[in-house]
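Asks: input_19.cif is reproduced below (mmCIF, C-alpha atoms).
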```
data_final
#
loop_
_atom_site.label_atom_id
_atom_site.label_comp_id
_atom_site.auth_asym_id
_atom_site.auth_seq_id
_atom_site.Cartn_x
_atom_site.Cartn_y
_atom_site.Cartn_z
CA MET A 8 -164.13 163.61 41.26
CA LEU A 9 -167.03 163.89 38.81
CA ILE A 10 -167.83 167.38 40.04
CA GLN A 11 -164.86 168.71 38.08
CA PHE A 12 -166.53 167.46 34.91
CA LEU A 13 -169.69 169.43 35.74
CA GLU A 14 -167.54 172.50 36.41
CA HIS A 15 -165.86 172.03 33.05
CA ILE A 16 -169.20 171.79 31.25
CA LYS A 17 -170.39 174.93 33.03
CA THR A 18 -167.34 176.85 31.78
CA PHE A 19 -168.75 176.49 28.25
CA THR A 20 -172.52 176.21 28.59
CA GLN A 21 -175.41 176.39 31.05
CA PHE A 22 -175.96 173.04 32.70
CA GLU A 23 -177.84 172.14 35.86
CA LYS A 24 -176.75 169.80 38.62
CA GLU A 25 -180.03 167.84 38.22
CA ASP A 26 -179.24 167.18 34.56
CA PHE A 27 -175.70 166.26 35.47
CA ASP A 28 -177.01 163.54 37.77
CA ARG A 29 -179.01 162.18 34.83
CA ILE A 30 -176.12 162.02 32.36
CA GLN A 31 -173.74 159.97 34.48
CA ASP A 32 -175.11 156.66 33.22
CA TYR A 33 -173.92 157.53 29.72
CA PHE A 34 -170.30 157.27 30.91
CA ASP A 35 -168.16 154.75 32.66
CA ILE A 36 -165.09 155.41 34.76
CA GLN A 37 -161.92 153.63 33.73
CA MET A 38 -158.60 153.43 35.57
CA TYR A 39 -155.32 152.76 33.84
CA ARG A 40 -151.75 152.32 34.97
CA LYS A 41 -148.88 154.24 33.43
CA LYS A 42 -148.08 152.85 29.93
CA ASP A 43 -151.42 151.02 29.61
CA VAL A 44 -152.94 151.21 26.14
CA ILE A 45 -156.45 152.65 26.00
CA LEU A 46 -157.00 152.48 22.23
CA SER A 47 -154.86 150.52 19.75
CA ALA A 48 -153.97 151.42 16.18
CA GLY A 49 -155.82 148.99 13.89
CA SER A 50 -158.91 148.72 16.12
CA LYS A 51 -162.25 150.48 15.76
CA CYS A 52 -162.47 153.86 17.44
CA ASN A 53 -165.79 153.70 19.25
CA CYS A 54 -165.10 155.83 22.32
CA ASN A 55 -164.27 159.34 23.40
CA TYR A 56 -162.17 159.87 26.58
CA TYR A 57 -162.18 162.63 29.18
CA VAL A 58 -159.29 162.78 31.65
CA LEU A 59 -160.37 163.12 35.29
CA GLU A 60 -156.86 162.64 36.59
CA GLY A 61 -153.59 161.76 34.90
CA CYS A 62 -152.21 162.19 31.41
CA LEU A 63 -152.66 160.51 28.01
CA HIS A 64 -150.90 160.80 24.71
CA MET A 65 -151.99 159.79 21.22
CA TYR A 66 -149.37 158.58 18.76
CA PHE A 67 -148.89 156.77 15.48
CA THR A 68 -146.07 154.45 14.55
CA GLY A 69 -144.33 155.59 11.36
CA GLU A 70 -143.24 153.25 8.57
CA ASN A 71 -139.74 153.48 10.03
CA GLY A 72 -141.08 152.12 13.34
CA ILE A 73 -140.68 155.43 15.15
CA GLN A 74 -143.56 156.57 17.38
CA ARG A 75 -144.80 160.14 16.98
CA THR A 76 -147.03 161.82 19.54
CA VAL A 77 -149.67 164.10 17.96
CA GLN A 78 -151.66 165.05 21.07
CA PHE A 79 -151.52 165.13 24.87
CA ALA A 80 -154.46 165.24 27.29
CA ILE A 81 -154.33 166.14 30.96
CA GLU A 82 -157.17 166.82 33.44
CA ASN A 83 -160.37 168.09 31.77
CA TRP A 84 -159.24 167.40 28.21
CA TRP A 85 -161.03 165.17 25.77
CA MET A 86 -159.10 162.78 23.56
CA THR A 87 -159.93 160.46 20.70
CA ASP A 88 -159.14 160.04 17.00
CA ASN A 89 -161.95 162.40 16.04
CA LEU A 90 -162.07 161.46 12.38
CA ALA A 91 -162.33 157.72 13.13
CA PHE A 92 -164.71 158.34 16.07
CA ASN A 93 -166.99 160.37 13.82
CA LYS A 94 -167.43 157.36 11.52
CA GLY A 95 -166.78 154.51 13.97
CA ALA A 96 -163.85 153.59 11.73
CA VAL A 97 -160.53 151.87 12.37
CA THR A 98 -157.90 154.24 13.78
CA ASP A 99 -154.23 154.64 12.82
CA PHE A 100 -153.50 156.06 16.28
CA THR A 101 -152.80 154.56 19.68
CA ILE A 102 -153.83 156.22 22.95
CA GLN A 103 -151.63 155.38 25.92
CA ALA A 104 -151.44 156.49 29.57
CA VAL A 105 -148.38 158.63 30.35
CA GLU A 106 -149.21 158.46 34.08
CA ASN A 107 -151.67 156.41 36.14
CA THR A 108 -154.88 157.82 34.73
CA THR A 109 -158.58 157.91 35.61
CA LEU A 110 -160.92 158.75 32.79
CA LEU A 111 -164.53 159.00 31.77
CA ARG A 112 -165.29 156.94 28.70
CA ILE A 113 -168.31 157.42 26.47
CA SER A 114 -169.22 155.26 23.46
CA ARG A 115 -170.25 156.78 20.10
CA GLU A 116 -173.73 155.45 20.57
CA ASN A 117 -174.05 156.97 24.04
CA GLN A 118 -172.54 160.27 22.94
CA GLU A 119 -175.12 160.48 20.16
CA LYS A 120 -177.96 159.77 22.60
CA LEU A 121 -176.51 162.18 25.15
CA LEU A 122 -176.41 165.03 22.65
CA LYS A 123 -179.91 164.28 21.47
CA ASN A 124 -181.31 164.22 25.00
CA PHE A 125 -179.25 167.14 26.35
CA PRO A 126 -178.89 169.57 23.42
CA SER A 127 -177.05 172.16 25.52
CA LEU A 128 -174.11 169.72 25.48
CA GLU A 129 -173.89 170.33 21.73
CA THR A 130 -172.69 173.80 22.69
CA TYR A 131 -170.12 172.29 25.06
CA PHE A 132 -168.66 169.99 22.42
CA ARG A 133 -168.90 172.58 19.64
CA LYS A 134 -166.80 175.01 21.68
CA ILE A 135 -164.27 172.36 22.66
CA TYR A 136 -163.77 171.22 19.07
CA GLU A 137 -163.66 174.81 17.84
CA ILE A 138 -160.83 175.62 20.25
CA SER A 139 -159.02 172.34 19.57
CA TYR A 140 -159.18 172.92 15.84
CA GLY A 141 -157.98 176.50 16.23
CA ALA A 142 -155.09 175.32 18.41
CA SER A 143 -154.04 172.75 15.83
CA LEU A 144 -153.86 175.47 13.14
CA MET A 145 -151.68 177.45 15.52
CA LYS A 146 -149.45 174.41 16.08
CA MET A 147 -149.11 174.12 12.29
CA LYS A 148 -147.92 177.73 12.32
CA TYR A 149 -145.20 177.26 14.87
CA VAL A 150 -144.03 173.90 13.51
CA PHE A 151 -143.44 175.59 10.15
CA ASP A 152 -142.35 179.02 11.34
CA TYR A 153 -140.11 178.51 14.34
CA SER A 154 -136.60 177.16 14.56
CA LYS A 155 -136.26 173.88 16.47
CA GLU A 156 -135.00 175.73 19.53
CA GLU A 157 -137.86 178.26 19.37
CA ILE A 158 -140.44 175.45 19.06
CA TYR A 159 -139.10 173.88 22.23
CA TYR A 160 -139.06 177.15 24.23
CA HIS A 161 -142.43 178.23 22.95
CA PHE A 162 -143.95 174.95 24.05
CA THR A 163 -142.32 174.75 27.47
CA GLU A 164 -143.14 178.38 28.28
CA ARG A 165 -146.73 178.07 27.15
CA PHE A 166 -147.41 174.68 28.70
CA PRO A 167 -145.10 174.40 31.73
CA GLN A 168 -147.35 171.69 33.22
CA PHE A 169 -146.33 169.33 30.42
CA THR A 170 -142.63 169.91 30.85
CA GLN A 171 -143.02 168.90 34.48
CA ARG A 172 -145.11 165.81 33.91
CA VAL A 173 -144.29 164.37 30.52
CA PRO A 174 -141.04 162.50 29.78
CA GLN A 175 -138.66 164.46 27.63
CA TYR A 176 -138.68 161.96 24.75
CA LEU A 177 -142.47 162.36 24.37
CA ILE A 178 -142.23 166.15 24.24
CA ALA A 179 -139.47 165.76 21.65
CA SER A 180 -141.70 163.40 19.64
CA TYR A 181 -144.65 165.81 19.81
CA LEU A 182 -142.52 168.72 18.60
CA GLY A 183 -140.87 166.75 15.81
CA LEU A 184 -137.45 166.95 17.50
CA THR A 185 -135.07 164.13 18.44
CA PRO A 186 -134.64 163.36 22.16
CA GLU A 187 -130.92 164.08 21.72
CA TYR A 188 -131.70 167.55 20.42
CA VAL A 189 -133.95 168.30 23.41
CA SER A 190 -131.23 167.10 25.82
CA GLU A 191 -128.78 169.41 24.10
CA ILE A 192 -131.06 172.47 24.43
CA ARG A 193 -131.71 171.69 28.10
CA ALA A 194 -128.00 171.25 28.83
CA LYS A 195 -127.26 174.56 27.10
CA ASN A 196 -129.98 176.19 29.17
CA ARG A 197 -128.56 174.90 32.46
CA SER A 198 -125.00 176.02 31.72
CA MET B 14 -177.00 179.84 -4.66
CA LEU B 15 -178.06 179.86 -1.01
CA ILE B 16 -179.88 176.56 -1.42
CA GLN B 17 -176.53 174.74 -1.40
CA PHE B 18 -175.95 176.10 2.11
CA LEU B 19 -179.28 174.63 3.27
CA GLU B 20 -178.34 171.30 1.64
CA HIS B 21 -175.00 171.40 3.47
CA ILE B 22 -176.68 172.03 6.81
CA LYS B 23 -179.09 169.15 6.16
CA THR B 24 -176.17 166.77 5.57
CA PHE B 25 -175.32 167.20 9.25
CA THR B 26 -178.54 168.02 11.08
CA GLN B 27 -182.29 168.33 10.66
CA PHE B 28 -183.20 171.80 9.44
CA GLU B 29 -186.39 173.08 7.83
CA LYS B 30 -186.72 175.35 4.83
CA GLU B 31 -188.90 177.73 6.91
CA ASP B 32 -186.12 178.12 9.47
CA PHE B 33 -183.60 178.58 6.70
CA ASP B 34 -185.58 181.56 5.40
CA ARG B 35 -185.39 183.05 8.89
CA ILE B 36 -181.62 182.70 9.32
CA GLN B 37 -180.58 184.49 6.15
CA ASP B 38 -180.54 187.90 7.81
CA TYR B 39 -177.72 186.74 10.08
CA PHE B 40 -175.38 186.52 7.07
CA ASP B 41 -174.26 188.79 4.31
CA ILE B 42 -173.02 187.77 0.89
CA GLN B 43 -169.60 189.06 -0.11
CA MET B 44 -167.88 188.87 -3.48
CA TYR B 45 -164.14 189.01 -3.89
CA ARG B 46 -161.78 189.00 -6.84
CA LYS B 47 -158.85 186.61 -7.08
CA LYS B 48 -156.03 187.73 -4.71
CA ASP B 49 -158.34 190.01 -2.66
CA VAL B 50 -157.68 189.88 1.08
CA ILE B 51 -160.69 188.93 3.23
CA LEU B 52 -159.00 189.02 6.65
CA SER B 53 -155.59 190.57 7.40
CA ALA B 54 -153.00 189.40 9.92
CA GLY B 55 -152.90 191.96 12.72
CA SER B 56 -156.62 192.74 12.59
CA LYS B 57 -159.41 191.47 14.84
CA CYS B 58 -160.98 188.22 13.72
CA ASN B 59 -164.70 188.93 14.06
CA CYS B 60 -166.14 186.84 11.23
CA ASN B 61 -166.56 183.30 10.00
CA TYR B 62 -166.69 182.63 6.25
CA TYR B 63 -168.53 180.01 4.22
CA VAL B 64 -167.55 179.55 0.57
CA LEU B 65 -170.53 179.53 -1.83
CA GLU B 66 -168.30 179.57 -4.89
CA GLY B 67 -164.56 179.89 -5.36
CA CYS B 68 -161.55 179.15 -3.21
CA LEU B 69 -159.79 180.72 -0.22
CA HIS B 70 -156.54 180.04 1.56
CA MET B 71 -155.36 181.04 5.01
CA TYR B 72 -151.67 181.78 5.52
CA PHE B 73 -149.21 183.36 7.88
CA THR B 74 -146.04 185.23 7.00
CA GLY B 75 -143.00 183.73 8.70
CA GLU B 76 -140.23 185.76 10.30
CA ASN B 77 -138.20 185.10 7.17
CA GLY B 78 -140.95 186.78 5.11
CA ILE B 79 -142.11 183.51 3.54
CA GLN B 80 -145.86 182.89 3.35
CA ARG B 81 -147.16 179.51 4.52
CA THR B 82 -150.64 178.27 3.72
CA VAL B 83 -152.24 176.33 6.59
CA GLN B 84 -155.75 175.79 5.18
CA PHE B 85 -157.75 175.85 1.95
CA ALA B 86 -161.52 176.26 1.60
CA ILE B 87 -163.60 175.50 -1.48
CA GLU B 88 -167.38 175.32 -1.92
CA ASN B 89 -169.26 174.46 1.29
CA TRP B 90 -166.24 174.84 3.58
CA TRP B 91 -166.03 177.19 6.51
CA MET B 92 -162.90 179.19 7.16
CA THR B 93 -161.64 181.49 9.89
CA ASP B 94 -158.88 181.64 12.49
CA ASN B 95 -160.98 179.65 14.97
CA LEU B 96 -158.89 180.44 18.02
CA ALA B 97 -159.00 184.20 17.40
CA PHE B 98 -162.68 184.05 16.31
CA ASN B 99 -163.56 182.27 19.53
CA LYS B 100 -162.21 185.23 21.54
CA GLY B 101 -162.67 188.04 19.04
CA ALA B 102 -158.90 188.45 19.21
CA VAL B 103 -156.29 189.72 16.76
CA THR B 104 -155.26 187.08 14.24
CA ASP B 105 -151.79 186.11 12.98
CA PHE B 106 -153.30 184.74 9.79
CA THR B 107 -154.43 186.28 6.49
CA ILE B 108 -157.32 184.91 4.43
CA GLN B 109 -157.07 185.56 0.71
CA ALA B 110 -159.10 184.59 -2.37
CA VAL B 111 -157.33 182.07 -4.62
CA GLU B 112 -160.07 182.51 -7.27
CA ASN B 113 -162.95 184.96 -7.68
CA THR B 114 -164.99 183.96 -4.66
CA THR B 115 -168.52 184.45 -3.34
CA LEU B 116 -168.96 183.82 0.34
CA LEU B 117 -171.37 184.04 3.21
CA ARG B 118 -170.01 186.05 6.09
CA ILE B 119 -171.30 185.90 9.65
CA SER B 120 -170.07 188.03 12.54
CA ARG B 121 -169.26 186.54 15.97
CA GLU B 122 -172.17 188.39 17.47
CA ASN B 123 -174.58 187.05 14.85
CA GLN B 124 -173.20 183.53 15.05
CA GLU B 125 -173.77 183.58 18.80
CA LYS B 126 -177.36 184.78 18.34
CA LEU B 127 -177.94 182.29 15.53
CA LEU B 128 -176.85 179.35 17.67
CA LYS B 129 -178.96 180.56 20.56
CA ASN B 130 -182.07 180.93 18.41
CA PHE B 131 -181.56 177.80 16.29
CA PRO B 132 -179.94 175.23 18.60
CA SER B 133 -179.95 172.51 15.95
CA LEU B 134 -177.20 174.51 14.24
CA GLU B 135 -175.02 173.71 17.26
CA THR B 136 -175.04 170.16 15.93
CA TYR B 137 -174.06 171.40 12.48
CA PHE B 138 -171.07 173.36 13.75
CA ARG B 139 -170.09 170.70 16.29
CA LYS B 140 -169.83 168.11 13.54
CA ILE B 141 -167.94 170.42 11.20
CA TYR B 142 -165.38 171.32 13.86
CA GLU B 143 -165.09 167.70 14.98
CA ILE B 144 -164.23 166.60 11.43
CA SER B 145 -161.90 169.57 10.84
CA TYR B 146 -160.03 168.85 14.05
CA GLY B 147 -159.76 165.16 13.20
CA ALA B 148 -158.45 166.02 9.73
CA SER B 149 -155.81 168.32 11.19
CA LEU B 150 -154.53 165.48 13.43
CA MET B 151 -154.36 163.32 10.32
CA LYS B 152 -152.42 166.04 8.50
CA MET B 153 -149.98 166.12 11.44
CA LYS B 154 -149.53 162.38 10.88
CA TYR B 155 -148.66 162.54 7.25
CA VAL B 156 -146.49 165.66 7.57
CA PHE B 157 -144.36 163.77 10.10
CA ASP B 158 -144.62 160.26 8.65
CA TYR B 159 -144.41 160.59 4.89
CA SER B 160 -141.45 161.45 2.69
CA LYS B 161 -141.80 164.72 0.78
CA GLU B 162 -142.75 162.85 -2.37
CA GLU B 163 -145.34 160.73 -0.53
CA ILE B 164 -146.87 163.86 1.04
CA TYR B 165 -147.34 165.35 -2.40
CA TYR B 166 -148.88 162.22 -3.92
CA HIS B 167 -151.08 161.55 -0.93
CA PHE B 168 -152.47 165.07 -1.14
CA THR B 169 -153.01 165.17 -4.90
CA GLU B 170 -154.65 161.73 -4.95
CA ARG B 171 -156.91 162.50 -2.03
CA PHE B 172 -157.85 166.02 -3.07
CA PRO B 173 -157.61 166.09 -6.89
CA GLN B 174 -159.92 169.13 -7.00
CA PHE B 175 -157.19 171.23 -5.34
CA THR B 176 -154.48 170.13 -7.74
CA GLN B 177 -156.69 171.35 -10.60
CA ARG B 178 -157.65 174.66 -9.08
CA VAL B 179 -154.90 175.84 -6.78
CA PRO B 180 -151.56 177.21 -8.07
CA GLN B 181 -148.68 174.84 -7.54
CA TYR B 182 -146.77 177.21 -5.24
CA LEU B 183 -149.70 177.30 -2.78
CA ILE B 184 -149.95 173.52 -2.65
CA ALA B 185 -146.19 173.41 -2.06
CA SER B 186 -146.56 175.97 0.74
CA TYR B 187 -149.41 174.01 2.36
CA LEU B 188 -147.40 170.79 2.30
CA GLY B 189 -144.21 172.40 3.61
CA LEU B 190 -142.38 171.79 0.31
CA THR B 191 -140.57 174.28 -1.93
CA PRO B 192 -142.20 175.14 -5.30
CA GLU B 193 -138.99 173.90 -6.97
CA TYR B 194 -139.40 170.51 -5.32
CA VAL B 195 -143.01 170.20 -6.51
CA SER B 196 -141.96 171.12 -10.09
CA GLU B 197 -139.32 168.43 -9.91
CA ILE B 198 -141.81 165.74 -8.77
CA ARG B 199 -144.28 166.73 -11.48
CA ALA B 200 -141.60 166.70 -14.18
CA LYS B 201 -140.49 163.24 -13.01
CA ASN B 202 -144.10 162.10 -13.13
CA ARG B 203 -144.60 163.32 -16.69
CA SER B 204 -141.41 161.65 -17.99
#
```
Turn the structure described in the file into structure tokens.
Replies:
Amino acid sequence: MLIQFLEHIKTFTQFEKEDFDRIQDYFDIQMYRKKDVILSAGSKCNCNYYVLEGCLHMYFTGENGIQRTVQFAIENWWMTDNLAFNKGAVTDFTIQAVENTTLLRISRENQEKLLKNFPSLETYFRKIYEISYGASLMKMKYVFDYSKEEIYYHFTERFPQFTQRVPQYLIASYLGLTPEYVSEIRAKNRS
Amino acid sequence: MLIQFLEHIKTFTQFEKEDFDRIQDYFDIQMYRKKDVILSAGSKCNCNYYVLEGCLHMYFTGENGIQRTVQFAIENWWMTDNLAFNKGAVTDFTIQAVENTTLLRISRENQEKLLKNFPSLETYFRKIYEISYGASLMKMKYVFDYSKEEIYYHFTERFPQFTQRVPQYLIASYLGLTPEYVSEIRAKNRS
């Protein structure tokens, strides 16, 4: 299962199998059941998570008690509260398993050592963050620019794998729509 | 003026003055007048921009013709459409000077060479993108969680330098508020 992580690294930077064997001690493998909490709002964010299999979402709980998803992660995606992780600070976000999930976990301390000892992984993370940041600017664009119906279609067309795997109320939450509104659009679409 | 760029790099990674003298040929210095366009929607995004002095904003024009700001950059901030820059693709965004602005410009090609020849700059960019991405998740949180009035106060308290320098209608646009609404809040605040 780890080989997919090596393949992912090699998509972004040169990295040898021999080095890969040497970096595995920096990580541990964690298994979670659907709905398990991986990181809790109010606790220190000391780890970064890479999905080997399964699906995570990251959410915050608004003052009105409503949960809002800000990010999903499926196979080969990294997830953490990057701002809190960067400083080892307390997070406002919770990370939870949407499905039974197997992930690689790396602590801040280990990630720092890893990048020091294997500088070509700086390139790997730089590219991943660059793309993630770019994608979040693009999300800002369509949240502001599209009608609610367009937001939904744009998302489901672009990321069909999520529509299959993620419960409708989480997609609604991520897109800033109500679950009722998403049901309505889907009913309209079927008729 | 370039020395501030070296200082900025050194905030994030070890970098020597001798190396700094060697990297300057990768960049050129550009000067723009207030309202000048640096990158136009519909053109290829082949450059990354670092503000030495002044202020930029990045916006898109919605289907309704309304401009929406998604990002500001003041001194020592990088700005580009990262997703398009990553691929050298056409951008949907426009970058414009909010004030008379002096910036360092680096092409994709040169940035790639630069990172190859000076790997410690991978660390610099990795950290910058990591923080930018984290901040954009946090923005997502307060756009969804806060009332319009709270969004405005949160922003102006946290980033007072923008409230001083950036016209009110651009702050409104960035926060997803109407200029009329921002005038109203400010009037209420004064009374």
Asks: For B:Gln37, which residue out of B:Ile164, B:Val111, B:Leu69, B:Leu19 is the nearest one, using only C-alpha atoms?
Replies: B:Leu19
Asks: Exactly which residues make up the result of the PyMOL selection byres ((chain A) within 8 of (chain B)) on this file, given as an NGL selection string?
Replies: :A and (67 or 69-70 or 75 or 77 or 88-91 or 93 or 126 or 129-130 or 132-134 or 136-144 or 147-148 or 151-152 or 183)
Asks: To one decimal in Å, tell me the separation between atom CA of A:Leu59 and atom CA of A:Glu82.
Replies: 5.2 Å
Asks: Identify, on the basis of only C-alpha atoms, every residue whose closest approach to A:Trp85 does not exceed 9 Å; exclude the query and any residue fewer than 3 positions from it along the same chain; express the result as a list of chain:residue names.
Replies: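 These residues fall inside the cut-off: A:Asn55, A:Tyr56, A:Tyr57, A:Val58, A:Ala80, A:Ile81, A:Glu82, A:Ile135.
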Asks: How would the residues just picked look written out with C-alpha atoms as a tab-separated table (two decimals), in the coordinates of the input?
Replies:
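The resulting file, result_5.tsv, is reproduced below:
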```tsv
chain	number	residue	atom	x	y	z
A	55	ASN	CA	-164.27	159.34	23.40
A	56	TYR	CA	-162.17	159.87	26.58
A	57	TYR	CA	-162.18	162.63	29.18
A	58	VAL	CA	-159.29	162.78	31.65
A	80	ALA	CA	-154.46	165.24	27.29
A	81	ILE	CA	-154.33	166.14	30.96
A	82	GLU	CA	-157.17	166.82	33.44
A	135	ILE	CA	-164.27	172.36	22.66
```
Asks: Quick check, in Å to one decimal: how far apart do atom CA of B:Ala110 and atom CA of B:Val195 lie?
Replies: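 Separation of atom CA of B:Ala110 and atom CA of B:Val195: 22.0 Å.
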Asks: Have a look at atom CA of B:Ile108 and atom CA of B:Thr191 and let me know their distance in Å, one decimal.
Replies: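 If I compute the distance from atom CA of B:Ile108 to atom CA of B:Thr191, I get 20.8 Å.
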Asks: Skip stretch 44-46 of chain B itself and residues of its chain fewer than 6 positions away, then list as a ChimeraX atom specification all residues within 8 Å of it, counting all atoms listed in the file.
Replies: /B:110,112-116
Asks: Tell me which residues the PyMOL selection byres ((chain A and resi 24) around 12) grabs here, as a ChimeraX atom specification.
Replies: /A:9-14,16-17,21-23,25-31
Asks: Store the residues of this selection in a file with C-alpha atoms, as an mmCIF file, in the frame of the given file.
Replies:
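This is the output file out-v2.cif:
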```
data_model
loop_
_atom_site.group_PDB
_atom_site.id
_atom_site.type_symbol
_atom_site.label_atom_id
_atom_site.label_comp_id
_atom_site.auth_asym_id
_atom_site.auth_seq_id
_atom_site.Cartn_x
_atom_site.Cartn_y
_atom_site.Cartn_z
ATOM 1 C CA LEU A 9 -167.030 163.890 38.810
ATOM 2 C CA ILE A 10 -167.830 167.380 40.040
ATOM 3 C CA GLN A 11 -164.860 168.710 38.080
ATOM 4 C CA PHE A 12 -166.530 167.460 34.910
ATOM 5 C CA LEU A 13 -169.690 169.430 35.740
ATOM 6 C CA GLU A 14 -167.540 172.500 36.410
ATOM 7 C CA ILE A 16 -169.200 171.790 31.250
ATOM 8 C CA LYS A 17 -170.390 174.930 33.030
ATOM 9 C CA GLN A 21 -175.410 176.390 31.050
ATOM 10 C CA PHE A 22 -175.960 173.040 32.700
ATOM 11 C CA GLU A 23 -177.840 172.140 35.860
ATOM 12 C CA GLU A 25 -180.030 167.840 38.220
ATOM 13 C CA ASP A 26 -179.240 167.180 34.560
ATOM 14 C CA PHE A 27 -175.700 166.260 35.470
ATOM 15 C CA ASP A 28 -177.010 163.540 37.770
ATOM 16 C CA ARG A 29 -179.010 162.180 34.830
ATOM 17 C CA ILE A 30 -176.120 162.020 32.360
ATOM 18 C CA GLN A 31 -173.740 159.970 34.480
#
```
Asks: Any chance you could turn stretch 184-197 of chain A into a file with N, CA, C and O atoms, as a PDB file, in the first residue's frame?
Replies:
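And here is the file that came out, result29.pdb:
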```pdb
ATOM      1  N   LEU A 184     -24.289  25.204   0.716  1.00  0.00           N
ATOM      2  CA  LEU A 184     -25.715  25.026   0.382  1.00  0.00           C
ATOM      3  C   LEU A 184     -26.387  24.278   1.535  1.00  0.00           C
ATOM      4  O   LEU A 184     -25.726  23.646   2.349  1.00  0.00           O
ATOM      5  N   THR A 185     -27.714  24.320   1.593  1.00  0.00           N
ATOM      6  CA  THR A 185     -28.406  23.494   2.585  1.00  0.00           C
ATOM      7  C   THR A 185     -28.641  22.110   1.977  1.00  0.00           C
ATOM      8  O   THR A 185     -28.754  21.969   0.752  1.00  0.00           O
ATOM      9  N   PRO A 186     -28.718  21.065   2.812  1.00  0.00           N
ATOM     10  CA  PRO A 186     -28.990  19.718   2.286  1.00  0.00           C
ATOM     11  C   PRO A 186     -30.317  19.683   1.516  1.00  0.00           C
ATOM     12  O   PRO A 186     -30.430  19.003   0.497  1.00  0.00           O
ATOM     13  N   GLU A 187     -31.288  20.466   2.000  1.00  0.00           N
ATOM     14  CA  GLU A 187     -32.598  20.509   1.331  1.00  0.00           C
ATOM     15  C   GLU A 187     -32.439  21.028  -0.102  1.00  0.00           C
ATOM     16  O   GLU A 187     -33.047  20.517  -1.038  1.00  0.00           O
ATOM     17  N   TYR A 188     -31.601  22.055  -0.248  1.00  0.00           N
ATOM     18  CA  TYR A 188     -31.412  22.637  -1.568  1.00  0.00           C
ATOM     19  C   TYR A 188     -30.787  21.618  -2.516  1.00  0.00           C
ATOM     20  O   TYR A 188     -31.194  21.497  -3.675  1.00  0.00           O
ATOM     21  N   VAL A 189     -29.807  20.859  -2.008  1.00  0.00           N
ATOM     22  CA  VAL A 189     -29.148  19.847  -2.849  1.00  0.00           C
ATOM     23  C   VAL A 189     -30.148  18.752  -3.240  1.00  0.00           C
ATOM     24  O   VAL A 189     -30.176  18.310  -4.395  1.00  0.00           O
ATOM     25  N   SER A 190     -31.000  18.337  -2.299  1.00  0.00           N
ATOM     26  CA  SER A 190     -32.026  17.336  -2.621  1.00  0.00           C
ATOM     27  C   SER A 190     -32.933  17.837  -3.739  1.00  0.00           C
ATOM     28  O   SER A 190     -33.272  17.097  -4.666  1.00  0.00           O
ATOM     29  N   GLU A 191     -33.299  19.099  -3.639  1.00  0.00           N
ATOM     30  CA  GLU A 191     -34.167  19.721  -4.635  1.00  0.00           C
ATOM     31  C   GLU A 191     -33.551  19.672  -6.037  1.00  0.00           C
ATOM     32  O   GLU A 191     -34.183  19.268  -7.010  1.00  0.00           O
ATOM     33  N   ILE A 192     -32.261  20.096  -6.110  1.00  0.00           N
ATOM     34  CA  ILE A 192     -31.566  20.101  -7.411  1.00  0.00           C
ATOM     35  C   ILE A 192     -31.519  18.686  -7.976  1.00  0.00           C
ATOM     36  O   ILE A 192     -31.768  18.456  -9.154  1.00  0.00           O
ATOM     37  N   ARG A 193     -31.204  17.709  -7.104  1.00  0.00           N
ATOM     38  CA  ARG A 193     -31.073  16.324  -7.577  1.00  0.00           C
ATOM     39  C   ARG A 193     -32.408  15.786  -8.044  1.00  0.00           C
ATOM     40  O   ARG A 193     -32.455  15.059  -9.049  1.00  0.00           O
ATOM     41  N   ALA A 194     -33.484  16.149  -7.350  1.00  0.00           N
ATOM     42  CA  ALA A 194     -34.821  15.684  -7.738  1.00  0.00           C
ATOM     43  C   ALA A 194     -35.179  16.268  -9.106  1.00  0.00           C
ATOM     44  O   ALA A 194     -35.664  15.572 -10.005  1.00  0.00           O
ATOM     45  N   LYS A 195     -34.876  17.553  -9.276  1.00  0.00           N
ATOM     46  CA  LYS A 195     -35.154  18.255 -10.526  1.00  0.00           C
ATOM     47  C   LYS A 195     -34.409  17.578 -11.673  1.00  0.00           C
ATOM     48  O   LYS A 195     -34.915  17.408 -12.775  1.00  0.00           O
ATOM     49  N   ASN A 196     -33.178  17.181 -11.377  1.00  0.00           N
ATOM     50  CA  ASN A 196     -32.306  16.566 -12.358  1.00  0.00           C
ATOM     51  C   ASN A 196     -32.826  15.193 -12.788  1.00  0.00           C
ATOM     52  O   ASN A 196     -32.689  14.795 -13.946  1.00  0.00           O
ATOM     53  N   ARG A 197     -33.419  14.470 -11.842  1.00  0.00           N
ATOM     54  CA  ARG A 197     -33.921  13.121 -12.142  1.00  0.00           C
ATOM     55  C   ARG A 197     -35.202  13.176 -12.968  1.00  0.00           C
ATOM     56  O   ARG A 197     -35.481  12.278 -13.728  1.00  0.00           O
TER      57      ARG A 197
END
```
